[in-house]
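Trainee: Take a look at the following structure, please.
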Amino acid sequence: MAVIQNKNRKKNSKRRFFKRKGFWLGLFLLGAMAAGAGWVFLEGATQDYRLRAASYDLDRINDLEEPSIILDRNGKEIGRIFVQNRSVVPIEQVPEIFIQALRAGEDSRFLSHHGVDYIGIIRAMILNAQGGNQGASTITQQLARNAYNLKQEAVQRSETTIQRKLVEAFLARRIESRYTKREILGFYLNRIYFGSGFYGIRSAALGYFGKEPMDLTVDECASMVTLIKNPNSRSPLNNPGLNRDGRNYVLGRMVDEGMISSAECARLRALPLEINSQPLRRGTSHLYERIAEAVGRALGEDALASGKFKIHTTILAEAQNAAQKALMESLAKAEARPGYNHPKYKDSRRNRAKAAECLQGAVLMLDHLTGEVLAHVGGRDYAQVPYDFIESGKRPLGTAFFPYIYAAGLSASQTPATLVEDEAMDNRAVMVGGQEGILGEWGMEVASPVYQGKIPVREAFEHSKIGATVRFAGMVGLQRVVDTSVALGLPLKKAELLPRLAVGFEEVSMKHAVRGMTAFPRGGMSGPENWVYLDRIENAAGRIVYRRKHDKISSERVMDEATAWQVHSMMAGSLFRGSSKGVLDGMVEKPFYGAGKGGSTYGFADTWFLGYNKRVTCGVWTGFLSGSNEPIYPGAFSRDLAMPIWQATMNAAAPSFGGDKLERPDSIVEVPLCSTSGQRATDFCQKHVEDAQAGTVRSVSTATYEHLRKGTENLPFCSLHSGILGPGGSGEMDPLGQLALDVVPVRPKEPSVVGDDPYHTEVTSFATNHTEPGLVRRRTNVLDSLDLGGLEEKIPLKNPTMLEIEDE
């Protein structure tokens with residue numbers, strides 16, 4: 001019996017050795033040693049990757065792009081271009097259904113893993129071993145890869161995909177330990193590329209469906225999520241069929257994850273793919289848009305994608321900044337005026353639709369000798385209203401059109417001394433505003449304009465007389481006005497030949513208005529047709545990859561020198577004593593040798609100011625983009641809105657582009673004329689001026705020096721002040737002057753009086769002293785030197801006796 005028990009005991013001991021504690025302890029220790037050895041090996045093998053992952057600055061995870069720097073003509077930074085078409089939105093503005101679609105399509109265990117999905121890795125390995133092509137990168141790993149450009153770095157290091165993914169994994173774990181899941185989603189959705197040039201969820205939502213992210217439907221969310229794996233080939237703009245297939249796959253994954261029902265999935269899969277592209281416009285200002293376009297033309301559309309360029313422009317930073325600041329200030333001041341009844345900018349900054357209805361403006365400054373753009377302000381606020389008035393807008397010039405009308409007349413038979421009637425005009429003769437009654441005189445830009453009867457053309461122009469200008473245009477001929485305007489660059493070939501043309505009724509763009517104005521300081525030569533924004537471009541290594549050619553500016557004569565000078569002199573007179581009087585007081589250049597013309601439209605809906613010096617031409621517009629003819633406010637004049645902006649911009653450019661004196665051409669002669677009659681002045685051309693405060697009356701000469709074209713200076717002497725008129729200056733000839741006398745007329749033997757000329761018939765006394773500055777100079781009359789005090793003395797007279805009437 002004992003023997004049997006011993007045999008059983010030996011058998012049990014042989015069968016149960018693996019149950020002995022020593023075995024398992026040894027096995028555990030062996031496994032621990034192997035694991036330790038493996039850990040040590042992995043630590044050593046991955047140390048470089050962990051150290052690299054630890055070197056990235058997590059504070060810069062949301063730095064979205066390295067921009068290109070925009071420099072002005074003197075090397076000052078004036079802006080940066082972020083090429084990627086992107087608009088960052090907070091995660092709160094992303095619908096939850098989009099996040100669900102993203103998780104279903106890209107990372108179903110996003111909420112539970114810590115940066116690396118080990119289950120997904122094993123699953124991908126199995127599928128790939130079976131011949132599939134399955135990725136296992138989590139959303140956090142994708143963020144790490146894109147935020148720190150790990151793909152490009154791996155290429156530069158000649159690393160394998162596994163090596164790169166090790167860095168991604170370690171970096172993803174760091175990101176997960178630093179940021180919340182919501183923050184990671186926000187970084188990811190604002191960075192990721194969705195194809196067709198759209199970066200970030202908002203840009204893509206607008207670019208593909210014309211919607212804000214919160215307005216996306218479930219099927220649209222799925223269409224966007226499928227883009228992440230292959231943005232360009234699956235773009236609904238490039239391949240709608242492939243995008244629809246990818247959308248349906250994501251919808252199926254949403255069913256698998258319990259996010260939508262099978263019935264809902266079937267309904268959504270049956271929907272057509274509807275595109276409504278309304279993309280964001282790239283850039284942060286109207287100027288940056290123009291520069292980006294110029295870079296695209298110079299280097300190719302995708303050139304800026306690499307970033308880090310230094311873009312040297314023709315812009316003058318001082319003029320650009322001054323124009324922007326003055327525009328904002330002037331428009332804000334207008335909105336604060338009594339009678340302003342439109343949406344105000346300060347109340348509309350969060351509402352783009354309302355912002356577009358606010359008062360707008362634009363400024364353009366050009367070096368008219370080279371075609372270089374010095375300042376470009378296309379609107380009030382690009383972020384609110386990206387519409388560029390300089391590039392796309394057109395509005396009536398109003399009275400700023402007058403230089404073209406007068407150029408048409410002066411190039412024909414008219415002179416600045418030609419008399420034109422300044423009297424009230426029936427609006428039915430012009431029909432602007434669709435109203436009957438008297439045509440307004442808004443051009444003078446004063447509260448109470450007055451009519452002066454017959455006045456010289458210069459007077460009509462300098463004071464922007466509406467009625468007189470309409471009559472002058474009729475004298476010249478509307479077809480000639482149109483032909484002259486077209487020659488100077490205005491697109492008016494198809495303009496209707498109606499009297500309203502003379503009040504600047506036709507719409508003109510800023511570019512055309514500025515280019516047309518350049519002919520006057522250029523002596524009748526056309527201004528540059530091709531304008532320049534770029535000078536040169538340097539890449540990140542400092543190598544010049546583009547330099548503009550300094551070709552000779554081609555131009556043609558569009559107006560004779562004499563006409564250009566005459567219109568210039570009248571515009572200069574407008575600044576000195578006319579409708580724009582006061583602007584010279586604030587000009588940095590003293591004396592200011594340039595000129596300009598303000599413009600207000602009928603109904604006060606638009607204001608302009610166009611002016612220049614010898615180097616630059618600058619144009620300013622204020623008004624509404626809607627095309628409405630509602631007044632900015634009653635009595636909105638260019639002198640109050642556009643002129644201060646022009647003045648500030650010209651002053652900012654003066655230190656670099658101050659204009660020298662414009663030289664009078666040889667085809668112009670100065671002739672002393674009577675400003676009242678427009679004829680040759682004599683010493684008798686006088687008017688009495690009363691000093692109300694002193695209670696005195698003095699005699700003042702009406703003579704001015706006028707600029708006439710050679711060949712037109714031989715005018716008759718003033719008949720108004722020579723006594724040839726009838727009693728009281730009635731305008732009727734003296735009867736004695738009409739007597740037919742049977743005498744032989746005396747024929748002159750010489751062109752001028754030989755010997756003494758006591759009556760100053762040939763050379764008036766005021767013609768010998770040229771000391772007063774200015775284009776049109778008034779002289780002191782010789783009678784002022786006489787002692788006229790006796791005229792002011794009281795003469796004692798006896799009281800008259802009583803009048804008695806006797807009966808017959």
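So you can find residues: chains in the structure tokens are A, B, ... in the order shown, residues in each start at 1, and ligands are numbered from 1 in order.
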Identify, with DSSP run on backbone atoms, the residues in stretch 376-431 of chain A assigned to helix (DSSP H, G or I), and express the list as a PyMOL selection string.
Mentor: chain A and resi 389-392+398-410+427-429
Trainee: With only C-alpha atoms as the counted atoms, please give the residues lying no more than 8 Å from A:Gln278, apart from itself and same-chain residues fewer than 2 positions off, as a list in words.
Mentor: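 Those residues are Leu206, Gly207, Tyr208, Phe209, Gly210, Asn276 and Leu280 of chain A.
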Trainee: Residues near A:Asp660, anyone? I mean within 9 Å using only C-alpha atoms, not counting same-chain ones fewer than 5 positions away, as a PDB file with all heavy atoms, in the first residue's frame.
Mentor:
```pdb
ATOM      1  N   PHE A 592       2.621 126.596 -53.402  1.00  0.00           N
ATOM      2  CA  PHE A 592       2.200 125.350 -54.043  1.00  0.00           C
ATOM      3  C   PHE A 592       1.991 125.625 -55.521  1.00  0.00           C
ATOM      4  O   PHE A 592       1.126 126.406 -55.905  1.00  0.00           O
ATOM      5  CB  PHE A 592       0.911 124.837 -53.404  1.00  0.00           C
ATOM      6  CG  PHE A 592       0.409 123.551 -54.010  1.00  0.00           C
ATOM      7  CD1 PHE A 592       1.095 122.373 -53.803  1.00  0.00           C
ATOM      8  CD2 PHE A 592      -0.740 123.523 -54.795  1.00  0.00           C
ATOM      9  CE1 PHE A 592       0.642 121.174 -54.353  1.00  0.00           C
ATOM     10  CE2 PHE A 592      -1.193 122.348 -55.345  1.00  0.00           C
ATOM     11  CZ  PHE A 592      -0.500 121.161 -55.136  1.00  0.00           C
ATOM     12  N   TYR A 593       2.800 124.979 -56.359  1.00  0.00           N
ATOM     13  CA  TYR A 593       2.767 125.236 -57.795  1.00  0.00           C
ATOM     14  C   TYR A 593       1.805 124.323 -58.544  1.00  0.00           C
ATOM     15  O   TYR A 593       1.669 124.445 -59.750  1.00  0.00           O
ATOM     16  CB  TYR A 593       4.170 125.083 -58.390  1.00  0.00           C
ATOM     17  CG  TYR A 593       5.144 126.139 -57.918  1.00  0.00           C
ATOM     18  CD1 TYR A 593       6.231 125.790 -57.123  1.00  0.00           C
ATOM     19  CD2 TYR A 593       4.963 127.471 -58.264  1.00  0.00           C
ATOM     20  CE1 TYR A 593       7.127 126.748 -56.700  1.00  0.00           C
ATOM     21  CE2 TYR A 593       5.849 128.443 -57.832  1.00  0.00           C
ATOM     22  CZ  TYR A 593       6.937 128.078 -57.050  1.00  0.00           C
ATOM     23  OH  TYR A 593       7.818 129.040 -56.621  1.00  0.00           O
ATOM     24  N   GLY A 594       1.171 123.418 -57.825  1.00  0.00           N
ATOM     25  CA  GLY A 594       0.247 122.516 -58.486  1.00  0.00           C
ATOM     26  C   GLY A 594      -1.138 123.118 -58.612  1.00  0.00           C
ATOM     27  O   GLY A 594      -1.339 124.337 -58.520  1.00  0.00           O
ATOM     28  N   ASN A 613       0.817 118.014 -58.365  1.00  0.00           N
ATOM     29  CA  ASN A 613       1.926 118.944 -58.495  1.00  0.00           C
ATOM     30  C   ASN A 613       2.760 118.459 -59.685  1.00  0.00           C
ATOM     31  O   ASN A 613       2.259 117.677 -60.499  1.00  0.00           O
ATOM     32  CB  ASN A 613       2.741 119.047 -57.201  1.00  0.00           C
ATOM     33  CG  ASN A 613       3.394 117.730 -56.791  1.00  0.00           C
ATOM     34  OD1 ASN A 613       3.544 116.809 -57.604  1.00  0.00           O
ATOM     35  ND2 ASN A 613       3.791 117.625 -55.542  1.00  0.00           N
ATOM     36  N   LYS A 614       3.986 118.877 -59.802  1.00  0.00           N
ATOM     37  CA  LYS A 614       4.752 118.517 -60.994  1.00  0.00           C
ATOM     38  C   LYS A 614       5.097 117.031 -61.038  1.00  0.00           C
ATOM     39  O   LYS A 614       5.309 116.469 -62.112  1.00  0.00           O
ATOM     40  CB  LYS A 614       6.038 119.338 -61.060  1.00  0.00           C
ATOM     41  CG  LYS A 614       6.751 119.230 -62.405  1.00  0.00           C
ATOM     42  CD  LYS A 614       7.896 120.204 -62.513  1.00  0.00           C
ATOM     43  CE  LYS A 614       8.533 120.136 -63.898  1.00  0.00           C
ATOM     44  NZ  LYS A 614       9.635 121.112 -64.056  1.00  0.00           N
ATOM     45  N   ARG A 615       5.094 116.343 -59.874  1.00  0.00           N
ATOM     46  CA  ARG A 615       5.515 114.943 -59.820  1.00  0.00           C
ATOM     47  C   ARG A 615       4.363 113.956 -59.706  1.00  0.00           C
ATOM     48  O   ARG A 615       4.421 112.864 -60.261  1.00  0.00           O
ATOM     49  CB  ARG A 615       6.457 114.735 -58.618  1.00  0.00           C
ATOM     50  CG  ARG A 615       7.838 115.324 -58.807  1.00  0.00           C
ATOM     51  CD  ARG A 615       8.652 114.558 -59.849  1.00  0.00           C
ATOM     52  NE  ARG A 615       8.700 113.123 -59.580  1.00  0.00           N
ATOM     53  CZ  ARG A 615       9.543 112.548 -58.740  1.00  0.00           C
ATOM     54  NH1 ARG A 615      10.407 113.298 -58.054  1.00  0.00           N
ATOM     55  NH2 ARG A 615       9.541 111.243 -58.580  1.00  0.00           N
TER      56      ARG A 615
END
```
Trainee: Could you name the residues that touch A:Ala541 at 12 Å or less, counting only C-alpha atoms, but leaving out those on the same chain fewer than 6 positions away, as a CSV table (one decimal) with N, CA, C and O atoms, in the first residue's frame?
Mentor:
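Wrote part.csv, looks like this:
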```
chain,number,residue,atom,x,y,z
A,307,GLY,N,6.0,81.5,-49.0
A,307,GLY,CA,6.2,82.6,-48.0
A,307,GLY,C,7.6,83.1,-48.0
A,307,GLY,O,8.4,82.7,-48.8
A,308,LYS,N,7.9,83.9,-47.0
A,308,LYS,CA,9.2,84.4,-46.7
A,308,LYS,C,9.8,85.3,-47.8
A,308,LYS,O,11.0,85.6,-47.8
A,309,PHE,N,9.0,85.8,-48.7
A,309,PHE,CA,9.5,86.8,-49.7
A,309,PHE,C,9.6,88.2,-49.1
A,309,PHE,O,8.8,88.5,-48.2
A,310,LYS,N,10.5,89.0,-49.6
A,310,LYS,CA,10.5,90.4,-49.3
A,310,LYS,C,10.1,91.1,-50.6
A,310,LYS,O,10.8,91.1,-51.6
```
Trainee: Give me the residues near stretch 651-658 of chain A as a compact mmCIF listing (two decimals) with C-alpha atoms, in the first residue's frame, where near means some atom within 8 Å (using only C-alpha atoms) and where sequence neighbours in that chain fewer than 3 positions away do not count.
Mentor:
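Okay, this is what ended up in part.txt:
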```
# COMPACT_ATOMS: atom_id res chain seq x y z
CA LEU A 316 5.26 105.57 -50.25
CA GLU A 318 3.88 108.11 -45.48
CA ALA A 319 1.36 108.84 -48.24
CA ALA A 322 -1.84 109.51 -44.32
CA MET A 587 -0.42 122.81 -47.75
CA VAL A 588 3.15 121.98 -46.75
CA GLU A 589 4.51 123.16 -50.09
CA ASN A 613 1.93 118.94 -58.49
CA LYS A 614 4.75 118.52 -60.99
CA ARG A 615 5.51 114.94 -59.82
CA VAL A 616 2.32 113.29 -58.61
CA GLN A 647 -4.54 117.78 -48.78
CA ALA A 648 -3.28 115.31 -46.14
```
Trainee: From the set A:Leu419, A:Ala147, A:Ala642, A:Leu111, which residue has the shortest atom-to-atom contact distance to A:Ser675, counting only C-alpha atoms?
Mentor: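 The closest residue to A:Ser675 is A:Leu419.
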Trainee: Counting only C-alpha atoms, which of A:Lys597, A:His312, A:Lys354, A:Arg709 gets nearest to A:Arg547?
Mentor: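 Nearest to A:Arg547: A:His312.
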Trainee: Which one of A:Met254, A:Ala154, A:Ile291, A:Ala495 sits closest to A:Ser108 if you count only C-alpha atoms?
Mentor: A:Met254
Trainee: Env of A:Cys221: 9 Å cut, atoms = only C-alpha atoms, seq-sep filter 2 positions within chain, self excluded. Answer as a list in words.
Mentor: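 The residues satisfying every condition are Ile97, Phe98, Ile99, Ala101, Leu102, Ala205, Pro213, Leu216, Thr217, Val218, Asp219, Ser223, Met224, Val225, Thr226 and Arg247 of chain A.
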Trainee: Ranking A:Ala605, A:Val669, A:Ala172, A:Ala513 by minimum distance to A:Pro403 and counting only C-alpha atoms, which one comes first?
Mentor: A:Ala513
Trainee: Please measure the separation of atom CA of A:Arg182 and atom CA of A:Thr140, giving the value in Å to one decimal.
Mentor: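 Computing it gives 11.3 Å between the two atoms.
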Trainee: Can you measure atom CA of A:Gln84 to atom CA of A:Leu58 for me? One decimal in Å is fine.
Mentor: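 A separation of 21.6 Å between them.
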Trainee: Using only C-alpha atoms, which of A:Pro634, A:Glu670, A:Leu803, A:Gly393 sits nearest A:Pro338?
Mentor: A:Pro634
